[in-house]
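Colleague: Dropping the structure in here first, questions after.
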2 protein chains.
Amino acid sequence: MAVFKGGNGAPVTLKALAAHLDLAHSTISRALSDNVHISSATKDRVRRAARDLGYVANSGARLLRTGHSPVIGLLVPDITNESYSSVARILAEECSERGRPLVLSVSEDDPQRELELVQALLEARPAALVVTLTANPKKATLAHLRGTLAIQFLRSDPRVHGHSMAIDDCAGGRLAVEHLADLGHTKIGFIGVPENLSTGSARLRGYRTALQDRGIGAPLEWQKLRPPNADAGARAFRELMGLKKPPKAVFIASPQLALGVARVVQEDKMRVPADVSLVAYGNSSWFNFFAGGLTTVSLPLQELATAASSILFRELKRPADERVAPTTLALAPFIIKRASTSRPRG
Amino acid sequence: MAVFKGGNGAPVTLKALAAHLDLAHSTISRALSDNVHISSATKDRVRRAARDLGYVANSGARLLRTGHSPVIGLLVPDITNESYSSVARILAEECSERGRPLVLSVSEDDPQRELELVQALLEARPAALVVTLTANPKKATLAHLRGTLAIQFLRSDPRVHGHSMAIDDCAGGRLAVEHLADLGHTKIGFIGVPENLSTGSARLRGYRTALQDRGIGAPLEWQKLRPPNADAGARAFRELMGLKKPPKAVFIASPQLALGVARVVQEDKMRVPADVSLVAYGNSSWFNFFAGGLTTVSLPLQELATAASSILFRELKRPADERVAPTTLALAPFIIKRASTSRPRG
DNA sequence: TTGAAAGCGCTAACAG
DNA sequence: CTGTTAGCGCTTTCAA
C-alpha cells in the first residue's frame, strides 16, 4: 500500500508541501491545478517541490470534495474476446491521454455479478460508463444505469437510456446469406447465439429475411442457437453435419462458436469448402489462416470503438444539463471473401 | 455523472439513511459493513433501506478516511495481446469476487506514458499494482513502484523490488532449437524482440546456448531483433529468406512477429515446412490453424496469471510489516509439435 | 497574488 | 447494542 512519505516520515500531502514552502495549502492546490491567479514563479517552485518530494494527489479527497471523479468505467462480458479487448485498448488510450483512469469490470455474462460490478463502479462516482450488458440484466442494474451517463457498446438494451454504439447485425446476417446464395447455395444452415442477446436475434433475423428474399427455404433444424463458446459451437456443428439432410453451407454468427466449428473441421478432417462452405462472423485473427482463409462478415470494430470514445468525450465536455438526444449508431459490416466458400458441389 | 438522489432530491448518503431510519450514521456504517455489534434486526432494516433508496457508498470518502483503497492497478503494454488480456481476465475475475476494483492502464510500451499512468494509479492509493514495464522505465516510475506493493508479470526488471512472475524464456528458446536440431536442422535462424526487453534477451540466450550445446553454428545475419509488431516481423522474415544462404528453419520468438511472418508466407505462397520449418512462440489461437498447425513454444499463461493473483491476494491478507522475501517464479514453457516443422529437405 | 476557513462522506475511537 | 465526535486531504468561497 502506497503511503507517500517524505524523508522525515510524514506523508506528503498538500499541507506538507505548503509547510515545506511556507505557503498556504490552498496556494499549493491552485498552483498544481495551474490556476490563473498564481504567479508563474510560485507555480515553478511548487511544481519542483512536488516532484522532488514525490507528491501524489489523493484522489479520494478530491472526489469527496468535488462529488465526482474523472473515472471511466468499462463493463464487458469477456476481455479476451477481440471485440471487447479492442474497445478496451482504444478507450484505455483515449483515457490515458486525458488523464482519466479506466476501471475494467468483467461480468462473464452473469447478471448477478454484473449488478455487483455496476454498484462497485458507481462507488467511484464515475464520469461515465461504457457497458455491454448481459442478455437479462437485473432491475437494479438498469436503475443504476439510469442515474449515470452510460454508453452501450455492441449489444444494445432498449431499457437503457443513452447512446448506443452497435453493429447492424441484421445487415451482417443478410450479407452472409446473400454471398452464399450468389454462389448458388440453397441449403444454408445457421449457428448463432440465443435470441435474448440483441446481437443474436438481429443476426438470425438477417439470415431469415435474406433467405426469404431469395426464396430459399430452410428447415428449423438447420438453426442452432447456442451460448457463445467454442464447445457449444463444436457440438452444434456436429449436430448439423449429422443430420439426414445436412446443409451444404453454414453461417456461423459468432467468432467463439466459429472456433469450435474450426476444431471439428480439423479433427474430423472435413474438407472446406468441398464438403461444406463456411461463413464466419467477426474479426478474429485466425480467420485469415483457417483452411486457407475463412470467409467472414467483418465488423468495423475500430471505427465503432473510436466512435464510442469520441461521443463519450464530447458528451463529457458538454454541461450535464444540455445533453443531446441519444445517438444510436449501427455501423454496417462488410464481407471478406476468402477460401472457405465456393459453389455447392457433390 | 452519478449523483444519487432520493425522491426528495437530496443525495443518498449515510447520514441521509440515518435520518430516514432515525439512527446514528455510525450505526448505518457498521450495519452495512456487517459489524458484529449490530443487531441483526437493525442490519436488516438498514440493508433494506439502503437498497430501497439506492444508496451507493462514496469510495472517495472511505479512501480519505482509511488512507488506502481496495483498488488493484494493472499496467500492461498492450491489452489486445493475449498474454496480457488473459492475465487481465483472471485478475478481473479474482478482483470482482473480492469486491476489488481493477484499474487498467495501457502503456503502449511508452516510458513517458508509463510514468504518467503509474502516477495516476497511485492517486487512488491502490492496494497493489501488477505491472509489465517497458524496456527502459523512467527513474521516477521505479521510485514510485518502490513505495508500493508491486508484482511484475512476464517481463522482469531487476530494479523493482517485489515478486516477479515470469516464464523461463531461456528454456523456451532452447526448446525451440532442440526440437529443430532433433529433426536434423543445422541452419536455424532467429527472429525476436530487442535485448533490452528481459524476455527478448532470454529467448535469444536460449537459442544461442542450445545451438552451442549441439555444436551448430549460425551467422549473425540469421538473427533479427525487431520490435514486437507484425510489420517488423514480415520485414525481418523477408530479409532472412532473401539472403544468399538463408536458414532452412526459423524460430520466431514472439507471437506478434509470427503474425507478420505468417502473412509473408501466405502472400508469397511459400510452402511450410517444405521451404522452411517454422517454430513460433506463445499461445495465439491462430497458431492452431496456420499451415495446418504452427509448431510453437507454448506458455503456461493461465497458470502464471493464477499464480500471480494468488500470490497477490495472499500478500494482501498479510500485515504490511511482515511481508516475506520476494518470490521469483519462472514457469517452464513446453513445445507443441504441429505441422510447420519437419526434417530439412531440398 | 495569496491566505484562512469550511466542509464534502465516511470510519473508528470513545462513551454510554 | 447504539450514539457522539473528530478528522482524513482536498477544493473553493470569501477576505485581504
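As shown in the C-alpha cells, the chain order sets the letters A, B, ...; within each chain, residues go from 1, and ligands are also counted from 1 in the order they appear.
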Onto chain A, please fit chain B by least squares using all C-alpha atoms in order, then return the transformed chain as an mmCIF file with C-alpha atoms, in the first residue's frame.
Modeller:
data_model
loop_
_atom_site.group_PDB
_atom_site.id
_atom_site.type_symbol
_atom_site.label_atom_id
_atom_site.label_comp_id
_atom_site.auth_asym_id
_atom_site.auth_seq_id
_atom_site.Cartn_x
_atom_site.Cartn_y
_atom_site.Cartn_z
ATOM 1 C CA MET B 1 -0.123 0.004 0.128
ATOM 2 C CA ALA B 2 1.336 3.323 -0.865
ATOM 3 C CA VAL B 3 1.848 5.803 1.955
ATOM 4 C CA PHE B 4 3.887 8.572 0.484
ATOM 5 C CA LYS B 5 6.376 9.543 3.127
ATOM 6 C CA GLY B 6 8.906 12.292 3.001
ATOM 7 C CA GLY B 7 12.348 11.917 4.530
ATOM 8 C CA ASN B 8 10.876 12.863 7.906
ATOM 9 C CA GLY B 9 8.306 10.088 7.694
ATOM 10 C CA ALA B 10 5.286 12.351 7.365
ATOM 11 C CA PRO B 11 2.965 11.646 4.429
ATOM 12 C CA VAL B 12 3.376 14.104 1.564
ATOM 13 C CA THR B 13 0.138 16.049 1.369
ATOM 14 C CA LEU B 14 -0.710 19.462 0.036
ATOM 15 C CA LYS B 15 -0.294 20.837 3.522
ATOM 16 C CA ALA B 16 3.100 19.225 3.886
ATOM 17 C CA LEU B 17 4.185 20.844 0.645
ATOM 18 C CA ALA B 18 2.744 24.132 1.859
ATOM 19 C CA ALA B 19 4.688 23.972 5.092
ATOM 20 C CA HIS B 20 7.818 23.041 3.183
ATOM 21 C CA LEU B 21 7.481 26.071 0.897
ATOM 22 C CA ASP B 22 5.929 28.381 3.473
ATOM 23 C CA LEU B 23 2.812 28.934 1.392
ATOM 24 C CA ALA B 24 -0.867 28.333 1.990
ATOM 25 C CA HIS B 25 -2.023 24.871 0.985
ATOM 26 C CA SER B 26 -4.665 26.435 -1.232
ATOM 27 C CA THR B 27 -1.878 28.111 -3.165
ATOM 28 C CA ILE B 28 -0.268 24.737 -3.695
ATOM 29 C CA SER B 29 -3.554 23.336 -4.902
ATOM 30 C CA ARG B 30 -3.979 26.148 -7.388
ATOM 31 C CA ALA B 31 -0.404 25.985 -8.570
ATOM 32 C CA LEU B 32 -0.659 22.280 -9.293
ATOM 33 C CA SER B 33 -3.908 22.708 -11.174
ATOM 34 C CA ASP B 34 -2.315 25.499 -13.203
ATOM 35 C CA ASN B 35 -4.706 28.150 -11.978
ATOM 36 C CA VAL B 36 -4.347 31.485 -13.819
ATOM 37 C CA HIS B 37 -4.006 33.526 -10.653
ATOM 38 C CA ILE B 38 -0.735 31.965 -9.603
ATOM 39 C CA SER B 39 2.567 33.499 -10.716
ATOM 40 C CA SER B 40 4.626 31.273 -12.887
ATOM 41 C CA ALA B 41 7.522 31.641 -10.472
ATOM 42 C CA THR B 42 5.436 30.128 -7.696
ATOM 43 C CA LYS B 43 4.119 27.448 -10.000
ATOM 44 C CA ASP B 44 7.646 26.422 -10.844
ATOM 45 C CA ARG B 45 8.689 26.328 -7.234
ATOM 46 C CA VAL B 46 5.655 24.262 -6.289
ATOM 47 C CA ARG B 47 5.999 21.845 -9.140
ATOM 48 C CA ARG B 48 9.643 21.258 -8.413
ATOM 49 C CA ALA B 49 8.975 20.644 -4.732
ATOM 50 C CA ALA B 50 6.107 18.308 -5.576
ATOM 51 C CA ARG B 51 8.346 16.295 -7.838
ATOM 52 C CA ASP B 52 11.241 16.234 -5.405
ATOM 53 C CA LEU B 53 9.168 15.169 -2.438
ATOM 54 C CA GLY B 54 7.232 12.641 -4.521
ATOM 55 C CA TYR B 55 3.857 14.243 -3.976
ATOM 56 C CA VAL B 56 0.945 12.262 -5.358
ATOM 57 C CA ALA B 57 -2.551 13.699 -5.017
ATOM 58 C CA ASN B 58 -5.173 11.825 -3.066
ATOM 59 C CA SER B 59 -8.005 11.111 -5.477
ATOM 60 C CA GLY B 60 -10.331 10.279 -2.609
ATOM 61 C CA ALA B 61 -10.081 13.704 -1.081
ATOM 62 C CA ARG B 62 -10.673 15.259 -4.462
ATOM 63 C CA LEU B 63 -13.701 13.087 -5.089
ATOM 64 C CA LEU B 64 -15.097 13.888 -1.685
ATOM 65 C CA ARG B 65 -14.684 17.549 -2.318
ATOM 66 C CA THR B 66 -15.906 17.759 -5.887
ATOM 67 C CA GLY B 67 -18.549 15.060 -5.774
ATOM 68 C CA HIS B 68 -17.407 13.347 -8.925
ATOM 69 C CA SER B 69 -14.337 11.627 -10.277
ATOM 70 C CA PRO B 70 -12.809 11.568 -13.738
ATOM 71 C CA VAL B 71 -13.058 7.773 -13.801
ATOM 72 C CA ILE B 72 -14.506 5.994 -16.811
ATOM 73 C CA GLY B 73 -15.963 2.579 -16.082
ATOM 74 C CA LEU B 74 -15.890 -0.178 -18.658
ATOM 75 C CA LEU B 75 -18.112 -3.205 -18.194
ATOM 76 C CA VAL B 76 -17.761 -6.074 -20.653
ATOM 77 C CA PRO B 77 -18.698 -9.763 -20.605
ATOM 78 C CA ASP B 78 -15.248 -11.036 -21.605
ATOM 79 C CA ILE B 79 -11.994 -9.186 -22.042
ATOM 80 C CA THR B 80 -10.313 -11.981 -24.016
ATOM 81 C CA ASN B 81 -12.877 -11.522 -26.773
ATOM 82 C CA GLU B 82 -11.360 -9.337 -29.461
ATOM 83 C CA SER B 83 -14.456 -7.173 -29.746
ATOM 84 C CA TYR B 84 -14.087 -6.075 -26.160
ATOM 85 C CA SER B 85 -10.334 -6.005 -25.883
ATOM 86 C CA SER B 86 -10.226 -3.703 -28.870
ATOM 87 C CA VAL B 87 -12.628 -1.235 -27.304
ATOM 88 C CA ALA B 88 -10.667 -1.588 -24.073
ATOM 89 C CA ARG B 89 -7.457 -0.699 -25.849
ATOM 90 C CA ILE B 90 -8.925 2.325 -27.575
ATOM 91 C CA LEU B 91 -10.667 3.556 -24.458
ATOM 92 C CA ALA B 92 -7.566 2.999 -22.357
ATOM 93 C CA GLU B 93 -5.594 5.054 -24.821
ATOM 94 C CA GLU B 94 -8.060 7.934 -24.942
ATOM 95 C CA CYS B 95 -8.418 7.865 -21.187
ATOM 96 C CA SER B 96 -4.721 7.971 -20.513
ATOM 97 C CA GLU B 97 -4.332 10.887 -22.904
ATOM 98 C CA ARG B 98 -6.911 12.776 -20.889
ATOM 99 C CA GLY B 99 -5.687 11.638 -17.507
ATOM 100 C CA ARG B 100 -8.790 9.624 -16.809
ATOM 101 C CA PRO B 101 -8.461 6.304 -15.005
ATOM 102 C CA LEU B 102 -10.239 3.420 -16.695
ATOM 103 C CA VAL B 103 -11.821 0.877 -14.384
ATOM 104 C CA LEU B 104 -12.352 -2.488 -15.983
ATOM 105 C CA SER B 105 -15.081 -4.891 -14.929
ATOM 106 C CA VAL B 106 -15.739 -8.269 -16.461
ATOM 107 C CA SER B 107 -19.210 -9.667 -15.914
ATOM 108 C CA GLU B 108 -18.680 -13.052 -17.549
ATOM 109 C CA ASP B 109 -22.263 -12.645 -18.706
ATOM 110 C CA ASP B 110 -23.542 -13.235 -15.185
ATOM 111 C CA PRO B 111 -26.354 -10.795 -14.279
ATOM 112 C CA GLN B 112 -25.715 -11.019 -10.541
ATOM 113 C CA ARG B 113 -22.039 -10.258 -10.898
ATOM 114 C CA GLU B 114 -22.957 -7.530 -13.334
ATOM 115 C CA LEU B 115 -25.096 -5.843 -10.693
ATOM 116 C CA GLU B 116 -22.358 -6.058 -8.092
ATOM 117 C CA LEU B 117 -19.842 -4.650 -10.524
ATOM 118 C CA VAL B 118 -22.068 -1.735 -11.476
ATOM 119 C CA GLN B 119 -22.554 -0.976 -7.785
ATOM 120 C CA ALA B 120 -18.815 -1.072 -7.206
ATOM 121 C CA LEU B 121 -18.228 1.092 -10.244
ATOM 122 C CA LEU B 122 -20.696 3.691 -9.006
ATOM 123 C CA GLU B 123 -18.916 3.973 -5.667
ATOM 124 C CA ALA B 124 -16.240 5.871 -7.541
ATOM 125 C CA ARG B 125 -18.849 8.312 -8.895
ATOM 126 C CA PRO B 126 -17.534 7.766 -12.411
ATOM 127 C CA ALA B 127 -17.958 10.391 -15.083
ATOM 128 C CA ALA B 128 -19.357 7.780 -17.438
ATOM 129 C CA LEU B 129 -19.843 4.086 -18.007
ATOM 130 C CA VAL B 130 -19.308 2.120 -21.203
ATOM 131 C CA VAL B 131 -21.268 -1.093 -20.932
ATOM 132 C CA THR B 132 -22.098 -4.281 -22.738
ATOM 133 C CA LEU B 133 -24.913 -5.751 -20.668
ATOM 134 C CA THR B 134 -25.911 -9.372 -20.194
ATOM 135 C CA ALA B 135 -28.999 -10.653 -21.960
ATOM 136 C CA ASN B 136 -31.143 -10.319 -18.837
ATOM 137 C CA PRO B 137 -29.819 -7.582 -16.615
ATOM 138 C CA LYS B 138 -31.248 -7.206 -13.091
ATOM 139 C CA LYS B 139 -33.770 -4.472 -12.434
ATOM 140 C CA ALA B 140 -31.393 -2.765 -10.024
ATOM 141 C CA THR B 141 -28.669 -2.689 -12.640
ATOM 142 C CA LEU B 142 -30.921 -0.835 -15.026
ATOM 143 C CA ALA B 143 -32.029 1.516 -12.254
ATOM 144 C CA HIS B 144 -28.408 2.331 -11.429
ATOM 145 C CA LEU B 145 -27.589 2.965 -15.043
ATOM 146 C CA ARG B 146 -30.457 5.410 -15.260
ATOM 147 C CA GLY B 147 -28.653 7.759 -12.892
ATOM 148 C CA THR B 148 -25.413 7.733 -14.860
ATOM 149 C CA LEU B 149 -24.087 8.697 -18.245
ATOM 150 C CA ALA B 150 -23.993 5.263 -19.857
ATOM 151 C CA ILE B 151 -23.001 4.313 -23.363
ATOM 152 C CA GLN B 152 -23.897 0.896 -24.631
ATOM 153 C CA PHE B 153 -21.394 -0.878 -26.781
ATOM 154 C CA LEU B 154 -22.128 -3.650 -29.280
ATOM 155 C CA ARG B 155 -25.157 -5.054 -27.518
ATOM 156 C CA SER B 156 -28.037 -2.678 -27.033
ATOM 157 C CA ASP B 157 -30.721 -2.951 -24.364
ATOM 158 C CA PRO B 158 -33.661 -0.634 -25.107
ATOM 159 C CA ARG B 159 -34.382 -0.152 -21.405
ATOM 160 C CA VAL B 160 -31.144 1.763 -20.937
ATOM 161 C CA HIS B 161 -31.494 5.420 -21.768
ATOM 162 C CA GLY B 162 -28.424 6.749 -23.521
ATOM 163 C CA HIS B 163 -26.186 6.416 -26.503
ATOM 164 C CA SER B 164 -25.821 3.082 -28.143
ATOM 165 C CA MET B 165 -22.953 2.087 -30.402
ATOM 166 C CA ALA B 166 -23.621 -1.125 -32.233
ATOM 167 C CA ILE B 167 -23.171 -3.065 -35.411
ATOM 168 C CA ASP B 168 -26.019 -3.519 -37.840
ATOM 169 C CA ASP B 169 -26.112 -7.235 -37.161
ATOM 170 C CA CYS B 170 -29.198 -7.789 -39.236
ATOM 171 C CA ALA B 171 -27.354 -6.460 -42.282
ATOM 172 C CA GLY B 172 -24.453 -8.706 -41.303
ATOM 173 C CA GLY B 173 -26.667 -11.761 -41.317
ATOM 174 C CA ARG B 174 -28.083 -10.781 -44.676
ATOM 175 C CA LEU B 175 -24.628 -10.259 -46.126
ATOM 176 C CA ALA B 176 -23.574 -13.784 -45.239
ATOM 177 C CA VAL B 177 -26.628 -15.392 -46.789
ATOM 178 C CA GLU B 178 -26.512 -13.258 -49.912
ATOM 179 C CA HIS B 179 -22.902 -14.195 -50.526
ATOM 180 C CA LEU B 180 -23.753 -17.876 -50.248
ATOM 181 C CA ALA B 181 -26.871 -17.508 -52.363
ATOM 182 C CA ASP B 182 -24.879 -15.674 -55.016
ATOM 183 C CA LEU B 183 -22.583 -18.676 -55.185
ATOM 184 C CA GLY B 184 -25.612 -20.862 -55.849
ATOM 185 C CA HIS B 185 -26.190 -22.279 -52.393
ATOM 186 C CA THR B 186 -29.707 -23.269 -51.407
ATOM 187 C CA LYS B 187 -28.980 -25.392 -48.344
ATOM 188 C CA ILE B 188 -27.769 -22.855 -45.799
ATOM 189 C CA GLY B 189 -27.552 -23.604 -42.089
ATOM 190 C CA PHE B 190 -27.150 -21.197 -39.171
ATOM 191 C CA ILE B 191 -25.244 -21.422 -35.903
ATOM 192 C CA GLY B 192 -25.676 -18.398 -33.668
ATOM 193 C CA VAL B 193 -26.172 -17.143 -30.142
ATOM 194 C CA PRO B 194 -29.523 -17.128 -28.319
ATOM 195 C CA GLU B 195 -32.173 -14.614 -29.246
ATOM 196 C CA ASN B 196 -32.300 -12.843 -25.901
ATOM 197 C CA LEU B 197 -28.990 -11.291 -26.839
ATOM 198 C CA SER B 198 -29.783 -8.353 -29.112
ATOM 199 C CA THR B 199 -26.906 -9.365 -31.376
ATOM 200 C CA GLY B 200 -28.176 -12.935 -31.609
ATOM 201 C CA SER B 201 -31.691 -12.067 -32.676
ATOM 202 C CA ALA B 202 -30.520 -9.486 -35.209
ATOM 203 C CA ARG B 203 -28.123 -11.844 -36.960
ATOM 204 C CA LEU B 204 -30.770 -14.545 -37.076
ATOM 205 C CA ARG B 205 -33.269 -12.070 -38.460
ATOM 206 C CA GLY B 206 -30.817 -11.091 -41.176
ATOM 207 C CA TYR B 207 -30.320 -14.744 -42.060
ATOM 208 C CA ARG B 208 -34.055 -15.389 -42.237
ATOM 209 C CA THR B 209 -35.060 -12.328 -44.186
ATOM 210 C CA ALA B 210 -32.287 -12.839 -46.716
ATOM 211 C CA LEU B 211 -33.378 -16.447 -47.251
ATOM 212 C CA GLN B 212 -36.942 -15.288 -47.702
ATOM 213 C CA ASP B 213 -35.937 -12.541 -50.134
ATOM 214 C CA ARG B 214 -34.099 -15.082 -52.224
ATOM 215 C CA GLY B 215 -36.929 -17.590 -52.021
ATOM 216 C CA ILE B 216 -34.741 -20.142 -50.279
ATOM 217 C CA GLY B 217 -36.227 -22.430 -47.681
ATOM 218 C CA ALA B 218 -34.477 -23.843 -44.615
ATOM 219 C CA PRO B 219 -35.827 -26.352 -42.079
ATOM 220 C CA LEU B 220 -35.782 -25.310 -38.443
ATOM 221 C CA GLU B 221 -33.286 -28.048 -37.616
ATOM 222 C CA TRP B 222 -30.711 -26.091 -39.626
ATOM 223 C CA GLN B 223 -30.809 -23.304 -37.056
ATOM 224 C CA LYS B 224 -28.735 -23.860 -33.946
ATOM 225 C CA LEU B 225 -28.836 -21.262 -31.159
ATOM 226 C CA ARG B 226 -26.109 -21.757 -28.582
ATOM 227 C CA PRO B 227 -24.199 -19.792 -25.932
ATOM 228 C CA PRO B 228 -21.062 -18.162 -27.345
ATOM 229 C CA ASN B 229 -18.292 -20.619 -26.547
ATOM 230 C CA ALA B 230 -16.188 -22.995 -28.603
ATOM 231 C CA ASP B 231 -17.557 -26.237 -27.178
ATOM 232 C CA ALA B 232 -21.133 -25.275 -27.898
ATOM 233 C CA GLY B 233 -20.121 -24.348 -31.423
ATOM 234 C CA ALA B 234 -18.420 -27.692 -31.935
ATOM 235 C CA ARG B 235 -21.465 -29.614 -30.750
ATOM 236 C CA ALA B 236 -23.851 -27.574 -32.854
ATOM 237 C CA PHE B 237 -21.773 -28.146 -35.976
ATOM 238 C CA ARG B 238 -21.550 -31.890 -35.345
ATOM 239 C CA GLU B 239 -25.311 -32.015 -34.943
ATOM 240 C CA LEU B 240 -25.783 -30.101 -38.164
ATOM 241 C CA MET B 241 -23.434 -32.323 -40.156
ATOM 242 C CA GLY B 242 -24.955 -35.439 -38.630
ATOM 243 C CA LEU B 243 -28.431 -34.700 -39.971
ATOM 244 C CA LYS B 244 -29.944 -36.900 -42.651
ATOM 245 C CA LYS B 245 -30.113 -33.865 -44.884
ATOM 246 C CA PRO B 246 -27.284 -31.619 -43.768
ATOM 247 C CA PRO B 247 -26.841 -28.113 -45.186
ATOM 248 C CA LYS B 248 -24.095 -27.540 -47.760
ATOM 249 C CA ALA B 249 -23.175 -24.165 -46.310
ATOM 250 C CA VAL B 250 -23.182 -22.837 -42.761
ATOM 251 C CA PHE B 251 -23.235 -19.290 -41.484
ATOM 252 C CA ILE B 252 -21.606 -19.240 -38.033
ATOM 253 C CA ALA B 253 -22.736 -15.990 -36.485
ATOM 254 C CA SER B 254 -20.208 -15.686 -33.645
ATOM 255 C CA PRO B 255 -16.415 -15.939 -33.508
ATOM 256 C CA GLN B 256 -16.460 -18.079 -30.377
ATOM 257 C CA LEU B 257 -18.812 -20.567 -31.991
ATOM 258 C CA ALA B 258 -16.662 -20.490 -35.125
ATOM 259 C CA LEU B 259 -13.651 -21.576 -33.108
ATOM 260 C CA GLY B 260 -15.492 -24.731 -32.117
ATOM 261 C CA VAL B 261 -16.515 -25.383 -35.693
ATOM 262 C CA ALA B 262 -12.920 -24.962 -36.831
ATOM 263 C CA ARG B 263 -11.788 -27.555 -34.321
ATOM 264 C CA VAL B 264 -14.338 -30.043 -35.568
ATOM 265 C CA VAL B 265 -13.318 -29.464 -39.179
ATOM 266 C CA GLN B 266 -9.716 -30.084 -38.243
ATOM 267 C CA GLU B 267 -10.361 -33.142 -36.072
ATOM 268 C CA ASP B 268 -12.753 -34.777 -38.496
ATOM 269 C CA LYS B 269 -10.572 -33.850 -41.463
ATOM 270 C CA MET B 270 -13.476 -32.300 -43.291
ATOM 271 C CA ARG B 271 -12.762 -30.493 -46.522
ATOM 272 C CA VAL B 272 -13.713 -26.815 -46.680
ATOM 273 C CA PRO B 273 -15.301 -25.702 -48.957
ATOM 274 C CA ALA B 274 -15.604 -29.056 -50.791
ATOM 275 C CA ASP B 275 -17.722 -30.714 -48.088
ATOM 276 C CA VAL B 276 -19.271 -27.557 -46.718
ATOM 277 C CA SER B 277 -18.940 -23.807 -47.270
ATOM 278 C CA LEU B 278 -18.392 -21.741 -44.160
ATOM 279 C CA VAL B 279 -19.009 -18.075 -43.386
ATOM 280 C CA ALA B 280 -17.905 -16.778 -39.995
ATOM 281 C CA TYR B 281 -18.742 -13.566 -38.159
ATOM 282 C CA GLY B 282 -16.285 -11.153 -36.600
ATOM 283 C CA ASN B 283 -12.620 -10.258 -36.883
ATOM 284 C CA SER B 284 -10.640 -12.973 -35.129
ATOM 285 C CA SER B 285 -7.058 -13.064 -36.316
ATOM 286 C CA TRP B 286 -7.171 -16.797 -36.986
ATOM 287 C CA PHE B 287 -9.863 -16.331 -39.667
ATOM 288 C CA ASN B 288 -7.004 -15.329 -41.964
ATOM 289 C CA PHE B 289 -5.347 -18.661 -41.665
ATOM 290 C CA PHE B 290 -7.981 -21.331 -41.199
ATOM 291 C CA ALA B 291 -8.438 -23.534 -44.267
ATOM 292 C CA GLY B 292 -6.555 -21.048 -46.408
ATOM 293 C CA GLY B 293 -8.746 -18.221 -45.168
ATOM 294 C CA LEU B 294 -12.222 -18.203 -43.649
ATOM 295 C CA THR B 295 -14.796 -16.053 -45.420
ATOM 296 C CA THR B 296 -16.240 -13.744 -42.811
ATOM 297 C CA VAL B 297 -18.632 -10.924 -42.097
ATOM 298 C CA SER B 298 -16.141 -8.412 -40.790
ATOM 299 C CA LEU B 299 -17.081 -5.777 -38.239
ATOM 300 C CA PRO B 300 -15.754 -2.212 -38.139
ATOM 301 C CA LEU B 301 -14.805 -2.541 -34.475
ATOM 302 C CA GLN B 302 -12.060 0.044 -34.524
ATOM 303 C CA GLU B 303 -14.421 2.601 -35.958
ATOM 304 C CA LEU B 304 -17.114 1.637 -33.501
ATOM 305 C CA ALA B 305 -14.813 1.925 -30.520
ATOM 306 C CA THR B 306 -13.469 5.215 -31.799
ATOM 307 C CA ALA B 307 -16.982 6.519 -32.329
ATOM 308 C CA ALA B 308 -17.962 5.423 -28.835
ATOM 309 C CA SER B 309 -15.024 7.157 -27.259
ATOM 310 C CA SER B 310 -15.437 10.330 -29.267
ATOM 311 C CA ILE B 311 -19.117 10.562 -28.386
ATOM 312 C CA LEU B 312 -18.231 9.823 -24.801
ATOM 313 C CA PHE B 313 -15.673 12.573 -24.476
ATOM 314 C CA ARG B 314 -17.766 15.059 -26.405
ATOM 315 C CA GLU B 315 -20.588 14.378 -23.991
ATOM 316 C CA LEU B 316 -18.301 14.855 -21.022
ATOM 317 C CA LYS B 317 -17.344 18.313 -22.203
ATOM 318 C CA ARG B 318 -20.952 19.324 -22.490
ATOM 319 C CA PRO B 319 -22.658 20.626 -19.332
ATOM 320 C CA ALA B 320 -24.785 17.894 -17.810
ATOM 321 C CA ASP B 321 -28.071 19.717 -18.239
ATOM 322 C CA GLU B 322 -27.876 20.178 -21.982
ATOM 323 C CA ARG B 323 -27.200 16.668 -23.116
ATOM 324 C CA VAL B 324 -28.559 15.947 -26.557
ATOM 325 C CA ALA B 325 -30.895 13.159 -27.514
ATOM 326 C CA PRO B 326 -29.242 9.756 -27.425
ATOM 327 C CA THR B 327 -27.363 8.761 -30.562
ATOM 328 C CA THR B 328 -27.929 5.290 -31.884
ATOM 329 C CA LEU B 329 -25.185 4.193 -34.168
ATOM 330 C CA ALA B 330 -25.389 0.964 -36.152
ATOM 331 C CA LEU B 331 -22.335 0.604 -38.343
ATOM 332 C CA ALA B 332 -22.563 -1.641 -41.360
ATOM 333 C CA PRO B 333 -20.409 -4.762 -41.478
ATOM 334 C CA PHE B 334 -18.816 -5.926 -44.714
ATOM 335 C CA ILE B 335 -17.963 -9.319 -46.110
ATOM 336 C CA ILE B 336 -14.411 -10.513 -46.662
ATOM 337 C CA LYS B 337 -14.390 -13.310 -49.203
ATOM 338 C CA ARG B 338 -11.704 -15.867 -48.624
ATOM 339 C CA ALA B 339 -11.238 -19.547 -49.358
ATOM 340 C CA SER B 340 -13.932 -21.207 -47.235
ATOM 341 C CA THR B 341 -16.819 -20.557 -49.615
ATOM 342 C CA SER B 342 -17.380 -21.838 -53.140
ATOM 343 C CA ARG B 343 -20.205 -22.978 -55.406
ATOM 344 C CA PRO B 344 -21.918 -26.051 -53.992
ATOM 345 C CA ARG B 345 -20.461 -29.378 -55.170
ATOM 346 C CA GLY B 346 -21.302 -33.043 -54.847
#
Colleague: Please extract the residues of region 125-313 of chain A with a backbone DSSP assignment of strand (DSSP E or B) and present them as a PyMOL selection string.
Modeller: chain A and resi 128-131+150-154+164-167+188-192+223-225+249-252+277-281+295-298
Colleague: At a cut-off of 9 Å, can you tabulate as CSV every residue of chain D near chain B together with its closest atom pair and the distance in Å to one decimal, using only C-alpha atoms (C1' of nucleotides) and ordering rows by chain then number?
Modeller:
residue,atom,partner,partner_atom,distance
D:DC1,C1',B:His37,CA,6.1
D:DT2,C1',B:Thr27,CA,6.7
D:DG3,C1',B:Ala24,CA,6.1
D:DT4,C1',B:Ala24,CA,8.8
D:DG7,C1',B:Arg65,CA,8.1
D:DC8,C1',B:Arg65,CA,4.6
D:DG9,C1',B:Leu64,CA,6.9
Colleague: Do me a favour and pick out the residues of chain C within 8 Å of chain A, using only C-alpha atoms (C1' of nucleotides), as an MDAnalysis selection string.
Modeller: chainID C and resid 1:3 8:9
